[in-house]
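Chemist: Quick one: this structure, given as C-alpha cells, is what I'll be asking you about.
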Amino acid sequence: MIGLPAGTRIWIVAGVTDMRCGFNGLAAKVQTALEEDPFSGHVFVFRGRRGDIVKLLWWTGDGLCLLAKRLERGYFVWPQARNGTVHLSQAQLSMLIEGIDWRRPERTQRPQSGL
C-alpha cells in the first residue's frame, strides 16, 4: 500500500461508477456529485458495477494519480448506500484493496491482559 501523508482523508464513493472513466471523468464526479475538490489531497475510491474493480483518485500536490486494481476472484466490499461517501482509515483502505471485509475485521486471537 502507498504511504499517505498525515491528515489525508479517504472517501469511498457510494454506488457504482463507470470504470471507463479516467482522470477527468472521475475528477468531474468528485466535483459535481460529491461537491468535493479532487485537488484537495484526499483519496477518492470508486467501484465498478461487477465489484471486482476499484479505482483510486489522489492528488499528490504536483499531479493526479489514478490507481486501479482488479480482483481475479471475489469482490470489493462496498457500502449499501446509493450516493454520498463513506470515510475510511488507512488500515480499512488496505483491507479493502486486499479484498477483505473492512466493515467487520476480526482478530484471530484475543489480546491477553497484561496482568
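Labels used: A, B, ... for chains in the order of the C-alpha cells, numbers from 1 for residues in each chain, and numbers from 1 for ligands as shown.
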Which of segment 8-49 of chain A end up as strand (DSSP E) when DSSP is run on this backbone - answer as a PyMOL selection string?
Modeler: chain A and resi 10-13+43-47
Chemist: Let's have the selection written as a PDB file, in the first residue's frame, with N, CA and C atoms.
Modeler:
```pdb
ATOM      1  N   ILE A  10      -9.736   9.501   3.362  1.00  0.00           N
ATOM      2  CA  ILE A  10     -10.030   8.510   2.333  1.00  0.00           C
ATOM      3  C   ILE A  10     -11.540   8.373   2.252  1.00  0.00           C
ATOM      4  N   TRP A  11     -12.075   8.588   1.057  1.00  0.00           N
ATOM      5  CA  TRP A  11     -13.512   8.566   0.849  1.00  0.00           C
ATOM      6  C   TRP A  11     -13.884   7.471  -0.141  1.00  0.00           C
ATOM      7  N   ILE A  12     -14.797   6.583   0.254  1.00  0.00           N
ATOM      8  CA  ILE A  12     -15.407   5.631  -0.669  1.00  0.00           C
ATOM      9  C   ILE A  12     -16.589   6.368  -1.291  1.00  0.00           C
ATOM     10  N   VAL A  13     -16.653   6.359  -2.607  1.00  0.00           N
ATOM     11  CA  VAL A  13     -17.774   6.973  -3.314  1.00  0.00           C
ATOM     12  C   VAL A  13     -18.852   5.903  -3.460  1.00  0.00           C
ATOM     13  N   VAL A  43      -8.083  11.039  -0.881  1.00  0.00           N
ATOM     14  CA  VAL A  43      -8.199   9.893  -1.783  1.00  0.00           C
ATOM     15  C   VAL A  43      -9.683   9.575  -1.971  1.00  0.00           C
ATOM     16  N   PHE A  44     -10.078   9.384  -3.223  1.00  0.00           N
ATOM     17  CA  PHE A  44     -11.461   9.029  -3.558  1.00  0.00           C
ATOM     18  C   PHE A  44     -11.436   7.657  -4.219  1.00  0.00           C
ATOM     19  N   VAL A  45     -12.247   6.729  -3.672  1.00  0.00           N
ATOM     20  CA  VAL A  45     -12.240   5.346  -4.128  1.00  0.00           C
ATOM     21  C   VAL A  45     -13.572   5.056  -4.817  1.00  0.00           C
ATOM     22  N   PHE A  46     -13.488   4.518  -6.045  1.00  0.00           N
ATOM     23  CA  PHE A  46     -14.654   4.211  -6.860  1.00  0.00           C
ATOM     24  C   PHE A  46     -14.679   2.719  -7.162  1.00  0.00           C
ATOM     25  N   ARG A  47     -15.896   2.155  -7.296  1.00  0.00           N
ATOM     26  CA  ARG A  47     -16.031   0.728  -7.616  1.00  0.00           C
ATOM     27  C   ARG A  47     -16.935   0.554  -8.826  1.00  0.00           C
TER      28      ARG A  47
END
```
Chemist: For atom CA of Val16 of chain A and atom CA of Gly51 of chain A, determine how far apart the two atoms are, in Å to one decimal place.
Modeler: 8.4 Å
Chemist: With only C-alpha atoms as the atoms that count, which of A:Ala14, A:Cys65, A:Leu56, A:Ala6 lies nearest to Pro79 of chain A?
Modeler: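 Using only C-alpha atoms, the shortest distance to Pro79 of chain A belongs to A:Ala14.
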Chemist: Considering only C-alpha atoms, can you say which of A:Lys29, A:Ile53, A:Phe76, A:Trp58 comes closest to Ser94 of chain A?
Modeler: A:Phe76
Chemist: Just give me the gap between atom CA of His87 of chain A and atom CA of Asp62 of chain A in Å, one decimal is fine.
Modeler: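 Result for atom CA of His87 of chain A versus atom CA of Asp62 of chain A: 24.0 Å, one decimal.
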Chemist: So the first atom is atom CA of Met19 of chain A and the second is atom CA of Arg104 of chain A; what is the distance between them in Å, to one decimal place?
Modeler: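 Going from atom CA of Met19 of chain A over to atom CA of Arg104 of chain A, I get 26.6 Å.
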Chemist: List as a tab-separated table (two decimals) with N, CA, C and O atoms, in the first residue's frame the protein and nucleic acid residues near segment 67-70 of chain A, meaning an atom at most 8 Å away when only C-alpha atoms are counted, but skip any in the same chain fewer than 3 places from it.
Modeler:
```tsv
chain	number	residue	atom	x	y	z
A	52	ASP	N	-15.53	-6.08	-8.99
A	52	ASP	CA	-14.19	-6.65	-8.98
A	52	ASP	C	-13.10	-5.64	-9.36
A	52	ASP	O	-11.92	-5.99	-9.37
A	53	ILE	N	-13.49	-4.40	-9.63
A	53	ILE	CA	-12.52	-3.35	-9.98
A	53	ILE	C	-12.75	-2.13	-9.10
A	53	ILE	O	-13.89	-1.72	-8.89
A	54	VAL	N	-11.66	-1.57	-8.57
A	54	VAL	CA	-11.72	-0.27	-7.90
A	54	VAL	C	-10.70	0.65	-8.54
A	54	VAL	O	-9.68	0.20	-9.08
A	55	LYS	N	-11.00	1.95	-8.48
A	55	LYS	CA	-10.05	2.98	-8.91
A	55	LYS	C	-9.93	3.99	-7.79
A	55	LYS	O	-10.93	4.33	-7.15
A	56	LEU	N	-8.71	4.45	-7.55
A	56	LEU	CA	-8.44	5.47	-6.55
A	56	LEU	C	-7.91	6.71	-7.26
A	56	LEU	O	-7.01	6.61	-8.09
A	57	LEU	N	-8.49	7.85	-6.92
A	57	LEU	CA	-8.03	9.13	-7.46
A	57	LEU	C	-7.42	9.92	-6.32
A	57	LEU	O	-8.05	10.11	-5.27
A	97	ILE	N	-8.51	-2.92	-0.32
A	97	ILE	CA	-7.69	-3.19	-1.50
A	97	ILE	C	-7.29	-4.67	-1.57
A	97	ILE	O	-7.12	-5.23	-2.65
```
Chemist: What's the 12 Å shell around Met95 of chain A, counting only C-alpha atoms, without same-chain residues fewer than 2 positions away, as a list in words?
Modeler: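 Near Met95 of chain A, the qualifying residues are Met1, Phe76, Val77, Trp78, Leu88, Ser89, Gln90, Ala91, Gln92, Leu93, Ile97, Glu98, Gly99, Ile100, Asp101, Trp102, Arg103, Arg104, Pro105 and Glu106 of chain A.
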Chemist: Based on the selection just made, write N, CA and C atoms of those residues as a CSV table (one decimal), in the first residue's frame.
Modeler:
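Done, and the output landed in part_24.csv:
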```
chain,number,residue,atom,x,y,z
A,1,MET,N,0.8,-1.2,0.0
A,1,MET,CA,0.0,0.0,0.0
A,1,MET,C,0.9,1.2,0.0
A,76,PHE,N,-14.9,-6.5,-4.1
A,76,PHE,CA,-14.6,-5.5,-3.1
A,76,PHE,C,-15.8,-5.2,-2.3
A,77,VAL,N,-15.7,-5.2,-1.0
A,77,VAL,CA,-16.9,-4.9,-0.1
A,77,VAL,C,-17.2,-3.5,-0.2
A,78,TRP,N,-18.5,-3.1,-0.4
A,78,TRP,CA,-18.9,-1.8,-0.6
A,78,TRP,C,-20.1,-1.4,0.2
A,88,LEU,N,-12.9,6.3,5.3
A,88,LEU,CA,-12.2,5.1,5.8
A,88,LEU,C,-10.9,5.5,6.4
A,89,SER,N,-10.3,4.7,7.3
A,89,SER,CA,-9.0,4.9,7.8
A,89,SER,C,-8.0,4.2,6.8
A,90,GLN,N,-6.7,4.5,7.0
A,90,GLN,CA,-5.7,3.9,6.1
A,90,GLN,C,-5.7,2.4,6.2
A,91,ALA,N,-5.9,1.9,7.4
A,91,ALA,CA,-6.0,0.4,7.7
A,91,ALA,C,-7.2,-0.2,6.9
A,92,GLN,N,-8.3,0.5,7.0
A,92,GLN,CA,-9.5,0.0,6.3
A,92,GLN,C,-9.3,0.0,4.8
A,93,LEU,N,-8.6,1.0,4.3
A,93,LEU,CA,-8.3,1.1,2.8
A,93,LEU,C,-7.4,-0.1,2.4
A,97,ILE,N,-8.5,-2.9,-0.3
A,97,ILE,CA,-7.7,-3.2,-1.5
A,97,ILE,C,-7.3,-4.7,-1.6
A,98,GLU,N,-7.2,-5.3,-0.4
A,98,GLU,CA,-6.8,-6.7,-0.4
A,98,GLU,C,-8.0,-7.7,-0.5
A,99,GLY,N,-9.2,-7.1,-0.6
A,99,GLY,CA,-10.4,-7.9,-0.8
A,99,GLY,C,-11.0,-8.4,0.5
A,100,ILE,N,-10.6,-7.7,1.7
A,100,ILE,CA,-11.0,-8.1,3.0
A,100,ILE,C,-12.2,-7.3,3.4
A,101,ASP,N,-13.2,-7.8,4.1
A,101,ASP,CA,-14.4,-7.1,4.5
A,101,ASP,C,-13.9,-6.1,5.6
A,102,TRP,N,-13.7,-4.8,5.2
A,102,TRP,CA,-13.2,-3.8,6.1
A,102,TRP,C,-14.2,-3.3,7.1
A,103,ARG,N,-15.5,-3.7,6.9
A,103,ARG,CA,-16.5,-3.3,7.9
A,103,ARG,C,-16.5,-4.0,9.2
A,104,ARG,N,-16.1,-5.3,9.1
A,104,ARG,CA,-16.1,-6.1,10.3
A,104,ARG,C,-14.8,-6.9,10.5
A,105,PRO,N,-13.7,-6.3,10.5
A,105,PRO,CA,-12.5,-7.1,10.7
A,105,PRO,C,-12.5,-7.7,12.1
A,106,GLU,N,-12.0,-8.9,12.1
A,106,GLU,CA,-12.0,-9.7,13.4
A,106,GLU,C,-10.6,-10.1,13.7
```
Chemist: For the structure I just gave you, how does DSSP split chain A - specifically, which residues are helix (DSSP H, G or I)? Reply as a PyMOL selection string.
Modeler: chain A and resi 23-32+90-97
Chemist: Could you write those residues out with N, CA and C atoms, as a PDB file, in the first residue's frame?
Modeler:
```pdb
ATOM      1  N   PHE A  23      -8.976  10.058 -15.495  1.00  0.00           N
ATOM      2  CA  PHE A  23      -8.684  11.193 -14.622  1.00  0.00           C
ATOM      3  C   PHE A  23      -9.803  12.234 -14.648  1.00  0.00           C
ATOM      4  N   ASN A  24     -10.125  12.720 -15.834  1.00  0.00           N
ATOM      5  CA  ASN A  24     -11.085  13.817 -15.956  1.00  0.00           C
ATOM      6  C   ASN A  24     -12.492  13.418 -15.538  1.00  0.00           C
ATOM      7  N   GLY A  25     -12.942  12.231 -15.942  1.00  0.00           N
ATOM      8  CA  GLY A  25     -14.286  11.783 -15.593  1.00  0.00           C
ATOM      9  C   GLY A  25     -14.460  11.589 -14.097  1.00  0.00           C
ATOM     10  N   LEU A  26     -13.474  10.983 -13.452  1.00  0.00           N
ATOM     11  CA  LEU A  26     -13.576  10.765 -12.004  1.00  0.00           C
ATOM     12  C   LEU A  26     -13.448  12.076 -11.238  1.00  0.00           C
ATOM     13  N   ALA A  27     -12.564  12.969 -11.688  1.00  0.00           N
ATOM     14  CA  ALA A  27     -12.429  14.283 -11.040  1.00  0.00           C
ATOM     15  C   ALA A  27     -13.728  15.070 -11.170  1.00  0.00           C
ATOM     16  N   ALA A  28     -14.381  14.982 -12.329  1.00  0.00           N
ATOM     17  CA  ALA A  28     -15.659  15.664 -12.521  1.00  0.00           C
ATOM     18  C   ALA A  28     -16.728  15.085 -11.603  1.00  0.00           C
ATOM     19  N   LYS A  29     -16.720  13.773 -11.407  1.00  0.00           N
ATOM     20  CA  LYS A  29     -17.692  13.147 -10.498  1.00  0.00           C
ATOM     21  C   LYS A  29     -17.468  13.629  -9.064  1.00  0.00           C
ATOM     22  N   VAL A  30     -16.212  13.742  -8.658  1.00  0.00           N
ATOM     23  CA  VAL A  30     -15.905  14.246  -7.310  1.00  0.00           C
ATOM     24  C   VAL A  30     -16.451  15.667  -7.161  1.00  0.00           C
ATOM     25  N   GLN A  31     -16.258  16.497  -8.175  1.00  0.00           N
ATOM     26  CA  GLN A  31     -16.696  17.895  -8.108  1.00  0.00           C
ATOM     27  C   GLN A  31     -18.208  18.030  -8.145  1.00  0.00           C
ATOM     28  N   THR A  32     -18.872  17.350  -9.069  1.00  0.00           N
ATOM     29  CA  THR A  32     -20.308  17.560  -9.253  1.00  0.00           C
ATOM     30  C   THR A  32     -21.160  16.735  -8.300  1.00  0.00           C
ATOM     31  N   GLN A  90      -6.712   4.516   6.954  1.00  0.00           N
ATOM     32  CA  GLN A  90      -5.734   3.901   6.061  1.00  0.00           C
ATOM     33  C   GLN A  90      -5.732   2.380   6.225  1.00  0.00           C
ATOM     34  N   ALA A  91      -5.936   1.902   7.441  1.00  0.00           N
ATOM     35  CA  ALA A  91      -5.985   0.449   7.673  1.00  0.00           C
ATOM     36  C   ALA A  91      -7.180  -0.167   6.946  1.00  0.00           C
ATOM     37  N   GLN A  92      -8.335   0.499   7.001  1.00  0.00           N
ATOM     38  CA  GLN A  92      -9.517  -0.002   6.304  1.00  0.00           C
ATOM     39  C   GLN A  92      -9.303   0.008   4.794  1.00  0.00           C
ATOM     40  N   LEU A  93      -8.629   1.043   4.271  1.00  0.00           N
ATOM     41  CA  LEU A  93      -8.331   1.087   2.842  1.00  0.00           C
ATOM     42  C   LEU A  93      -7.438  -0.085   2.449  1.00  0.00           C
ATOM     43  N   SER A  94      -6.443  -0.382   3.267  1.00  0.00           N
ATOM     44  CA  SER A  94      -5.564  -1.517   2.983  1.00  0.00           C
ATOM     45  C   SER A  94      -6.354  -2.821   2.931  1.00  0.00           C
ATOM     46  N   MET A  95      -7.286  -2.993   3.865  1.00  0.00           N
ATOM     47  CA  MET A  95      -8.114  -4.196   3.865  1.00  0.00           C
ATOM     48  C   MET A  95      -8.993  -4.240   2.624  1.00  0.00           C
ATOM     49  N   LEU A  96      -9.615  -3.126   2.289  1.00  0.00           N
ATOM     50  CA  LEU A  96     -10.472  -3.066   1.114  1.00  0.00           C
ATOM     51  C   LEU A  96      -9.708  -3.469  -0.143  1.00  0.00           C
ATOM     52  N   ILE A  97      -8.506  -2.918  -0.320  1.00  0.00           N
ATOM     53  CA  ILE A  97      -7.693  -3.194  -1.501  1.00  0.00           C
ATOM     54  C   ILE A  97      -7.292  -4.672  -1.571  1.00  0.00           C
TER      55      ILE A  97
END
```
